[in-house]
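Undergrad: Before we start, here is the structure in question, set down as structure tokens.
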Amino acid sequence: MPSYSLDGVALDHPAGCWKLKKGTQRRPLPGARAVRVSVSGRAGELPIVGLDHEATSFSLTFVVTGATPAGADGGYPQMETNLEALTALLGVRNRLMVMRYQAGPIVRVADVTVTAASEPEVNTGAARARLTVVVEVPGVYWRDETVTTWAGNANASNQVVATLAGSTAPVTDALLRVTGPATNITVTDVASGGSVGLLTSGSNSLTAGQRLLIDAAAMRAALVTTDTWDLATGTDRTGVISVFGPFSANRWIHLTPAMALGDPFSRAVLISCTASSTTAASALEVRARRAYL
């Protein structure tokens, strides 16, 4: 059966202090952020592709009982205690909470916040209460729990990022690492056409042993000389990064899955990297988590 947990606490309490009502909805699919453009003299509207997704929200309905954490019947006072514990769990406001969804071997996580809660419906005689809350996923997408690293070629086209296979949403926060020697570096997401590259003037090419780190989420880049993924340990190179392609004015490369060969069960992220003056030591790596609608 599918299950949820919040900050590591099961939303179906193992001792029955609270449980999700049967039929609690699955995480919903996000909608597109609507943009409508009509032009005089032309029927309908202009087709617009590449629209971003809206934040998603869904409701969770809890039944709170009088069971103690040890599984005994604590009556109405324990129900009040359980309700307070649940509302404290749901009521965090100083940070986003981690929601975990599991259905068999499938595990998805998302950073969430609780945006609304109903007044508890209390049955005094039965020592039970019903509470409904609305959970919002500001970042829209659900993710894998663990980060994976893929190694590829610094000068090859249409490379399959195997660790991101099966994604259904774009990966917007990937870390890219290009190892030198390399010049004229350009990394391109094949599906979206978005690219990021290093300007080649002066010392902005990579020598042997140097690595260029690109943080797509923070839109930052750094040059390091050790085997690290930490941009803070390197020399800032954000000012010599060139970003181009769709929506490049406000974001860096998004790794976008595409259906392969008409098979909806085969979804792959393809990436190309072009560079000159490369050797066998040159490489492209991607560190990221898969993303899901």
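Following the order of the structure tokens, chains are lettered A, B, ..., residues in each are numbered from 1, and ligands are numbered from 1.
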Determine, using only C-alpha atoms, which residues of stretch 90-196 of chain A have any atom at most 12 Å from an atom of stretch 24-31 of chain A, and tabulate each with its shortest atom pair and distance in Å to one decimal place, rows ordered by chain and then rising number, as a Markdown table.
TA:
| residue | atom | partner | partner_atom | distance |
| --- | --- | --- | --- | --- |
| A:Met99 | CA | A:Arg27 | CA | 10.7 |
| A:Arg100 | CA | A:Arg27 | CA | 10.7 |
| A:Tyr101 | CA | A:Arg27 | CA | 8.5 |
| A:Gln102 | CA | A:Arg26 | CA | 10.6 |
| A:Ala103 | CA | A:Arg26 | CA | 10.3 |
| A:Arg108 | CA | A:Arg27 | CA | 10.0 |
| A:Val109 | CA | A:Arg27 | CA | 10.7 |
| A:Ala110 | CA | A:Arg27 | CA | 10.4 |
| A:Val112 | CA | A:Arg27 | CA | 11.8 |
| A:Thr132 | CA | A:Thr24 | CA | 10.3 |
| A:Val133 | CA | A:Thr24 | CA | 11.2 |
| A:Val134 | CA | A:Gln25 | CA | 11.4 |
| A:Val135 | CA | A:Arg27 | CA | 9.9 |
| A:Glu136 | CA | A:Arg27 | CA | 10.2 |
| A:Val137 | CA | A:Arg27 | CA | 9.7 |
| A:Pro138 | CA | A:Pro30 | CA | 10.8 |
| A:Gly139 | CA | A:Pro30 | CA | 10.5 |
| A:Val140 | CA | A:Pro30 | CA | 6.8 |
| A:Tyr141 | CA | A:Pro30 | CA | 8.2 |
| A:Trp142 | CA | A:Arg27 | CA | 9.1 |
| A:Thr168 | CA | A:Leu29 | CA | 10.8 |
| A:Ala169 | CA | A:Pro30 | CA | 10.3 |
Undergrad: Kindly save the residues from that selection, with N, CA and C atoms included, as a short mmCIF file (atom, residue, chain, number, x, y, z; two decimals), in the first residue's frame.
TA:
data_model
loop_
_atom_site.label_atom_id
_atom_site.label_comp_id
_atom_site.auth_asym_id
_atom_site.auth_seq_id
_atom_site.Cartn_x
_atom_site.Cartn_y
_atom_site.Cartn_z
N MET A 99 8.70 15.52 2.52
CA MET A 99 7.64 14.53 2.38
C MET A 99 8.17 13.36 1.57
N ARG A 100 7.92 12.16 2.08
CA ARG A 100 8.36 10.94 1.40
C ARG A 100 7.16 10.10 1.03
N TYR A 101 7.09 9.72 -0.23
CA TYR A 101 6.00 8.88 -0.73
C TYR A 101 6.60 7.55 -1.17
N GLN A 102 6.00 6.45 -0.71
CA GLN A 102 6.52 5.13 -1.08
C GLN A 102 5.38 4.22 -1.49
N ALA A 103 5.57 3.56 -2.62
CA ALA A 103 4.64 2.54 -3.10
C ALA A 103 5.48 1.35 -3.55
N ARG A 108 9.64 8.46 -3.69
CA ARG A 108 9.76 9.83 -4.18
C ARG A 108 9.77 10.77 -2.97
N VAL A 109 10.54 11.83 -3.06
CA VAL A 109 10.58 12.82 -1.99
C VAL A 109 10.39 14.20 -2.56
N ALA A 110 9.88 15.11 -1.72
CA ALA A 110 9.70 16.50 -2.13
C ALA A 110 9.77 17.39 -0.90
N VAL A 112 8.16 20.27 1.11
CA VAL A 112 6.76 20.69 1.16
C VAL A 112 6.53 21.65 2.32
N THR A 132 -8.07 17.61 8.26
CA THR A 132 -7.63 17.66 6.86
C THR A 132 -6.66 18.82 6.68
N VAL A 133 -5.53 18.56 6.04
CA VAL A 133 -4.54 19.59 5.79
C VAL A 133 -4.23 19.64 4.29
N VAL A 134 -3.80 20.80 3.84
CA VAL A 134 -3.40 20.98 2.44
C VAL A 134 -1.88 21.12 2.40
N VAL A 135 -1.25 20.26 1.62
CA VAL A 135 0.20 20.23 1.48
C VAL A 135 0.57 20.81 0.12
N GLU A 136 1.52 21.73 0.12
CA GLU A 136 1.97 22.33 -1.14
C GLU A 136 3.41 21.96 -1.42
N VAL A 137 3.70 21.70 -2.70
CA VAL A 137 5.06 21.41 -3.17
C VAL A 137 5.51 22.63 -3.97
N PRO A 138 6.18 23.59 -3.35
CA PRO A 138 6.55 24.81 -4.08
C PRO A 138 7.45 24.54 -5.29
N GLY A 139 8.34 23.55 -5.16
CA GLY A 139 9.24 23.24 -6.26
C GLY A 139 8.67 22.33 -7.31
N VAL A 140 7.39 21.98 -7.18
CA VAL A 140 6.61 21.22 -8.17
C VAL A 140 7.01 19.75 -8.24
N TYR A 141 8.29 19.47 -8.46
CA TYR A 141 8.68 18.12 -8.83
C TYR A 141 9.06 17.26 -7.62
N TRP A 142 8.77 15.98 -7.73
CA TRP A 142 9.22 14.98 -6.76
C TRP A 142 10.54 14.43 -7.25
N THR A 168 10.48 11.87 -15.39
CA THR A 168 9.34 12.39 -16.15
C THR A 168 9.29 13.91 -16.13
N ALA A 169 10.22 14.54 -15.40
CA ALA A 169 10.26 16.00 -15.30
C ALA A 169 11.69 16.47 -15.50
#
Undergrad: Using only C-alpha atoms, which residues of stretch 112-225 of chain A come within 7 Å of stretch 236-239 of chain A, and what is the closest atom pair for each, with the distance in Å to one decimal? Give it as CSV, sorted by chain and residue number.
TA:
residue,atom,partner,partner_atom,distance
A:Arg220,CA,A:Thr238,CA,5.1
A:Ala221,CA,A:Thr238,CA,4.6
A:Ala222,CA,A:Asp236,CA,4.3
A:Leu223,CA,A:Arg237,CA,6.4
Undergrad: For stretch 181-183 of chain A, work out the shell of residues within 6 Å, counting only C-alpha atoms and skipping chain neighbours fewer than 3 positions away, then give it as a count of residues only.
TA: 9
Undergrad: What does the structure give for the distance between atom CA of A:Gly194 and atom CA of A:Thr172, in Å to one decimal?
TA: 11.5 Å
Undergrad: Using only C-alpha atoms, determine which residues lie at most 12 Å from A:Pro105, disregarding the query and same-chain residues fewer than 5 positions distant; provide the list as a list of chain:residue names.
TA: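 Skipping anything fewer than 5 positions along the chain leaves A:Met1, A:Pro2, A:Ser3, A:Asp144.
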Undergrad: Pick out the residues sitting within 10 Å of stretch 65-71 of chain A, and hand them over as an NGL selection string; count only C-alpha atoms, and ignore anything fewer than 2 positions along from it in its own chain.
TA: :A and (13-19 or 62-63 or 73-83 or 123 or 126-130)
Undergrad: Next, dump the selected residues to file, keeping only N, CA, C and O atoms, as a short mmCIF file (atom, residue, chain, number, x, y, z; two decimals), in the first residue's frame.
TA:
data_model
loop_
_atom_site.label_atom_id
_atom_site.label_comp_id
_atom_site.auth_asym_id
_atom_site.auth_seq_id
_atom_site.Cartn_x
_atom_site.Cartn_y
_atom_site.Cartn_z
N HIS A 13 0.67 6.27 11.77
CA HIS A 13 1.48 5.97 12.96
C HIS A 13 1.46 4.47 13.24
O HIS A 13 0.40 3.84 13.21
N PRO A 14 2.62 3.87 13.53
CA PRO A 14 2.67 2.42 13.75
C PRO A 14 1.82 1.93 14.90
O PRO A 14 1.37 0.78 14.91
N ALA A 15 1.58 2.77 15.92
CA ALA A 15 0.74 2.38 17.05
C ALA A 15 -0.71 2.83 16.87
O ALA A 15 -1.54 2.59 17.76
N GLY A 16 -1.00 3.48 15.75
CA GLY A 16 -2.38 3.90 15.49
C GLY A 16 -2.78 5.21 16.13
O GLY A 16 -3.97 5.51 16.22
N CYS A 17 -1.80 6.01 16.60
CA CYS A 17 -2.15 7.30 17.20
C CYS A 17 -2.85 8.20 16.19
O CYS A 17 -3.73 8.98 16.56
N TRP A 18 -2.45 8.12 14.95
CA TRP A 18 -3.14 8.79 13.84
C TRP A 18 -2.88 7.98 12.57
O TRP A 18 -1.92 7.23 12.47
N LYS A 19 -3.76 8.12 11.64
CA LYS A 19 -3.61 7.40 10.38
C LYS A 19 -4.28 8.19 9.27
O LYS A 19 -5.22 8.98 9.50
N PHE A 62 -6.57 13.02 8.09
CA PHE A 62 -6.11 12.16 9.18
C PHE A 62 -7.28 11.80 10.09
O PHE A 62 -8.18 12.61 10.34
N VAL A 63 -7.23 10.58 10.61
CA VAL A 63 -8.09 10.16 11.72
C VAL A 63 -7.19 10.00 12.93
O VAL A 63 -6.23 9.22 12.92
N ASP A 73 -5.04 1.87 24.96
CA ASP A 73 -6.14 2.83 24.80
C ASP A 73 -6.01 3.91 25.87
O ASP A 73 -6.16 3.65 27.06
N GLY A 74 -5.76 5.14 25.44
CA GLY A 74 -5.60 6.23 26.39
C GLY A 74 -6.80 7.14 26.49
O GLY A 74 -6.77 8.13 27.23
N GLY A 75 -7.88 6.81 25.73
CA GLY A 75 -9.10 7.59 25.81
C GLY A 75 -8.95 8.99 25.25
O GLY A 75 -8.03 9.31 24.50
N TYR A 76 -9.89 9.85 25.67
CA TYR A 76 -9.96 11.20 25.12
C TYR A 76 -8.71 12.04 25.43
O TYR A 76 -8.20 12.74 24.55
N PRO A 77 -8.18 12.00 26.66
CA PRO A 77 -6.96 12.79 26.92
C PRO A 77 -5.81 12.43 25.98
O PRO A 77 -5.07 13.30 25.53
N GLN A 78 -5.66 11.13 25.69
CA GLN A 78 -4.58 10.72 24.79
C GLN A 78 -4.86 11.20 23.37
O GLN A 78 -3.94 11.56 22.63
N MET A 79 -6.15 11.19 22.97
CA MET A 79 -6.49 11.72 21.65
C MET A 79 -6.07 13.18 21.51
O MET A 79 -5.52 13.59 20.50
N GLU A 80 -6.30 13.98 22.57
CA GLU A 80 -5.87 15.37 22.56
C GLU A 80 -4.34 15.46 22.44
O GLU A 80 -3.81 16.29 21.69
N THR A 81 -3.65 14.61 23.19
CA THR A 81 -2.19 14.60 23.12
C THR A 81 -1.71 14.23 21.72
O THR A 81 -0.76 14.84 21.18
N ASN A 82 -2.36 13.23 21.12
CA ASN A 82 -1.99 12.81 19.77
C ASN A 82 -2.26 13.93 18.76
O ASN A 82 -1.47 14.15 17.83
N LEU A 83 -3.38 14.63 18.92
CA LEU A 83 -3.72 15.72 18.01
C LEU A 83 -2.69 16.84 18.11
O LEU A 83 -2.28 17.42 17.09
N ASN A 123 -15.06 13.65 17.82
CA ASN A 123 -16.09 12.78 18.38
C ASN A 123 -15.65 12.44 19.80
O ASN A 123 -14.80 11.58 20.02
N ALA A 126 -16.20 8.72 21.15
CA ALA A 126 -15.34 7.71 20.55
C ALA A 126 -13.86 8.04 20.70
O ALA A 126 -13.00 7.24 20.30
N ALA A 127 -13.55 9.22 21.24
CA ALA A 127 -12.15 9.66 21.38
C ALA A 127 -11.44 9.63 20.04
O ALA A 127 -10.36 9.05 19.90
N ARG A 128 -12.09 10.27 19.07
CA ARG A 128 -11.52 10.35 17.73
C ARG A 128 -11.67 11.76 17.18
O ARG A 128 -12.59 12.49 17.56
N ALA A 129 -10.78 12.13 16.28
CA ALA A 129 -10.86 13.42 15.61
C ALA A 129 -10.47 13.24 14.16
O ALA A 129 -9.71 12.33 13.81
N ARG A 130 -11.00 14.12 13.34
CA ARG A 130 -10.67 14.10 11.91
C ARG A 130 -10.09 15.46 11.54
O ARG A 130 -10.62 16.51 11.90
#
Undergrad: From a backbone DSSP assignment, name each residue in stretch 26-271 of chain A labelled alpha helix (DSSP H), as a PDB file with N, CA, C and O atoms, in the first residue's frame.
TA:
ATOM      1  N   GLY A  75      -7.876   6.806  25.733  1.00  0.00           N
ATOM      2  CA  GLY A  75      -9.095   7.586  25.812  1.00  0.00           C
ATOM      3  C   GLY A  75      -8.953   8.994  25.247  1.00  0.00           C
ATOM      4  O   GLY A  75      -8.027   9.311  24.497  1.00  0.00           O
ATOM      5  N   TYR A  76      -9.889   9.851  25.668  1.00  0.00           N
ATOM      6  CA  TYR A  76      -9.958  11.195  25.119  1.00  0.00           C
ATOM      7  C   TYR A  76      -8.708  12.036  25.433  1.00  0.00           C
ATOM      8  O   TYR A  76      -8.204  12.739  24.546  1.00  0.00           O
ATOM      9  N   PRO A  77      -8.176  11.997  26.657  1.00  0.00           N
ATOM     10  CA  PRO A  77      -6.961  12.785  26.920  1.00  0.00           C
ATOM     11  C   PRO A  77      -5.809  12.426  25.984  1.00  0.00           C
ATOM     12  O   PRO A  77      -5.068  13.301  25.526  1.00  0.00           O
ATOM     13  N   GLN A  78      -5.661  11.132  25.695  1.00  0.00           N
ATOM     14  CA  GLN A  78      -4.584  10.725  24.789  1.00  0.00           C
ATOM     15  C   GLN A  78      -4.860  11.197  23.366  1.00  0.00           C
ATOM     16  O   GLN A  78      -3.941  11.556  22.626  1.00  0.00           O
ATOM     17  N   MET A  79      -6.147  11.195  22.966  1.00  0.00           N
ATOM     18  CA  MET A  79      -6.488  11.715  21.646  1.00  0.00           C
ATOM     19  C   MET A  79      -6.067  13.177  21.512  1.00  0.00           C
ATOM     20  O   MET A  79      -5.517  13.592  20.500  1.00  0.00           O
ATOM     21  N   GLU A  80      -6.299  13.976  22.575  1.00  0.00           N
ATOM     22  CA  GLU A  80      -5.871  15.370  22.559  1.00  0.00           C
ATOM     23  C   GLU A  80      -4.343  15.463  22.440  1.00  0.00           C
ATOM     24  O   GLU A  80      -3.815  16.293  21.686  1.00  0.00           O
ATOM     25  N   THR A  81      -3.646  14.614  23.187  1.00  0.00           N
ATOM     26  CA  THR A  81      -2.187  14.598  23.116  1.00  0.00           C
ATOM     27  C   THR A  81      -1.710  14.234  21.719  1.00  0.00           C
ATOM     28  O   THR A  81      -0.764  14.839  21.184  1.00  0.00           O
ATOM     29  N   ASN A  82      -2.360  13.227  21.121  1.00  0.00           N
ATOM     30  CA  ASN A  82      -1.988  12.813  19.767  1.00  0.00           C
ATOM     31  C   ASN A  82      -2.258  13.926  18.756  1.00  0.00           C
ATOM     32  O   ASN A  82      -1.469  14.151  17.828  1.00  0.00           O
ATOM     33  N   LEU A  83      -3.380  14.626  18.915  1.00  0.00           N
ATOM     34  CA  LEU A  83      -3.718  15.720  18.012  1.00  0.00           C
ATOM     35  C   LEU A  83      -2.690  16.840  18.109  1.00  0.00           C
ATOM     36  O   LEU A  83      -2.278  17.421  17.094  1.00  0.00           O
ATOM     37  N   GLU A  84      -2.253  17.130  19.319  1.00  0.00           N
ATOM     38  CA  GLU A  84      -1.232  18.153  19.498  1.00  0.00           C
ATOM     39  C   GLU A  84       0.094  17.734  18.857  1.00  0.00           C
ATOM     40  O   GLU A  84       0.786  18.545  18.233  1.00  0.00           O
ATOM     41  N   ALA A  85       0.456  16.469  19.024  1.00  0.00           N
ATOM     42  CA  ALA A  85       1.706  15.981  18.428  1.00  0.00           C
ATOM     43  C   ALA A  85       1.641  16.049  16.905  1.00  0.00           C
ATOM     44  O   ALA A  85       2.618  16.433  16.239  1.00  0.00           O
ATOM     45  N   LEU A  86       0.484  15.687  16.328  1.00  0.00           N
ATOM     46  CA  LEU A  86       0.335  15.718  14.872  1.00  0.00           C
ATOM     47  C   LEU A  86       0.375  17.144  14.345  1.00  0.00           C
ATOM     48  O   LEU A  86       1.043  17.430  13.345  1.00  0.00           O
ATOM     49  N   THR A  87      -0.335  18.056  15.025  1.00  0.00           N
ATOM     50  CA  THR A  87      -0.334  19.442  14.556  1.00  0.00           C
ATOM     51  C   THR A  87       1.051  20.081  14.702  1.00  0.00           C
ATOM     52  O   THR A  87       1.429  20.936  13.895  1.00  0.00           O
ATOM     53  N   ALA A  88       1.817  19.668  15.710  1.00  0.00           N
ATOM     54  CA  ALA A  88       3.191  20.161  15.835  1.00  0.00           C
ATOM     55  C   ALA A  88       4.049  19.662  14.675  1.00  0.00           C
ATOM     56  O   ALA A  88       4.874  20.399  14.123  1.00  0.00           O
ATOM     57  N   LEU A  89       3.835  18.396  14.284  1.00  0.00           N
ATOM     58  CA  LEU A  89       4.565  17.832  13.148  1.00  0.00           C
ATOM     59  C   LEU A  89       4.243  18.576  11.868  1.00  0.00           C
ATOM     60  O   LEU A  89       5.130  18.872  11.051  1.00  0.00           O
ATOM     61  N   LEU A  90       2.969  18.911  11.682  1.00  0.00           N
ATOM     62  CA  LEU A  90       2.526  19.561  10.447  1.00  0.00           C
ATOM     63  C   LEU A  90       2.739  21.068  10.457  1.00  0.00           C
ATOM     64  O   LEU A  90       2.639  21.715   9.408  1.00  0.00           O
TER      65      LEU A  90
END
Undergrad: With only C-alpha atoms as the basis for distance, which of A:Leu213, A:Leu284, A:Val114, A:Ala291 is at the shortest distance from A:Phe58?
TA: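 Comparing A:Leu213, A:Leu284, A:Val114, A:Ala291 against A:Phe58, the winner is A:Val114.
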Undergrad: Between atom CA of A:Ala154 and atom CA of A:Ala217, measure the distance and give it in Å to one decimal.
TA: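 Separating atom CA of A:Ala154 from atom CA of A:Ala217 is a distance of 21.4 Å.
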Undergrad: Which residue out of A:Thr256, A:Asn184, A:Ser5, A:Ser248 has the minimum interatomic distance to A:Gly166 when only C-alpha atoms are used?
TA: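 Result for the nearest residue to A:Gly166: A:Thr256.
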Undergrad: Taking into account only C-alpha atoms, which residue in the set A:Leu20, A:Ala281, A:Ala72, A:Ala288 is nearest to A:Gln210?
TA: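 Using only C-alpha atoms, the shortest distance to A:Gln210 belongs to A:Ala281.
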